[in-house]
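The structure appears below as structure tokens.
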Amino acid sequence: MTQDDIEEEVVEVWPDAWPAFCLFEALGTQWRVGPGGATGLDYTAIRETAKMIGLKRSDLTDIFPDLRVMEHEALAVMAETAE
């Protein structure tokens, strides 16, 4: 699969979800992967990555549930494309 195989789609992100989206995007290379494919994000990378993109540690409590929703949906999409 290459970038050309992916249809371009415009997606709007609600302002209150923007910090979680930025963190999710920054964690793009931090997936734990096993023999069956991705199993989830590497949670040990969250704090340091958040710090690097300017998020406050105190904001992570509010951001984490949204990040989990994005992770869950990404895993579902990866599972669909693997079939």
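Order determines the names: the first chain of the structure tokens is A, the second B, and so forth; residues in each chain are numbered 1 upward, and ligands are numbered 1 upward as they are shown.
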Who sits within 12 Å of stretch 72-75 of chain A, only C-alpha atoms, same chain under 5 positions skipped, as number ranges by chain: A: 24-25, 28, 31-33, 36-41, 65-67, 80-82
Quick one: of A:Pro15, A:Asp5, A:Met78, A:Tyr43, who's nearest to A:Phe64, counting only C-alpha atoms?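 Nearest to A:Phe64: A:Tyr43.
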Between atom CA of A:Pro19 and atom CA of A:Leu55, what distance in Å does the model show, to one decimal?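 Those two atoms sit 7.6 Å apart.
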All strand (DSSP E or B) positions in chain A, as a VMD selection string: chain A and resid 31 to 34 37 to 41
Residue with smallest distance to A:Ile63 - pool A:Leu27, A:Ala45, A:Val13, A:Ala20, counting only C-alpha atoms: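 Answer, going by the shortest atom-to-atom distance: A:Ala20.
Coordinates place atom CA of A:Glu7 at a distance of 17.7 Å from atom CA of A:Ala76.
Atom pair atom CA of A:Ala50 / atom CA of A:Leu23: separated by 6.1 Å.
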Nearest candidate to A:Val69 (options A:Ile6, A:Trp14, A:Ile46, A:Phe21; using only C-alpha atoms):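 The shortest atom-to-atom distance to A:Val69 comes from A:Phe21.
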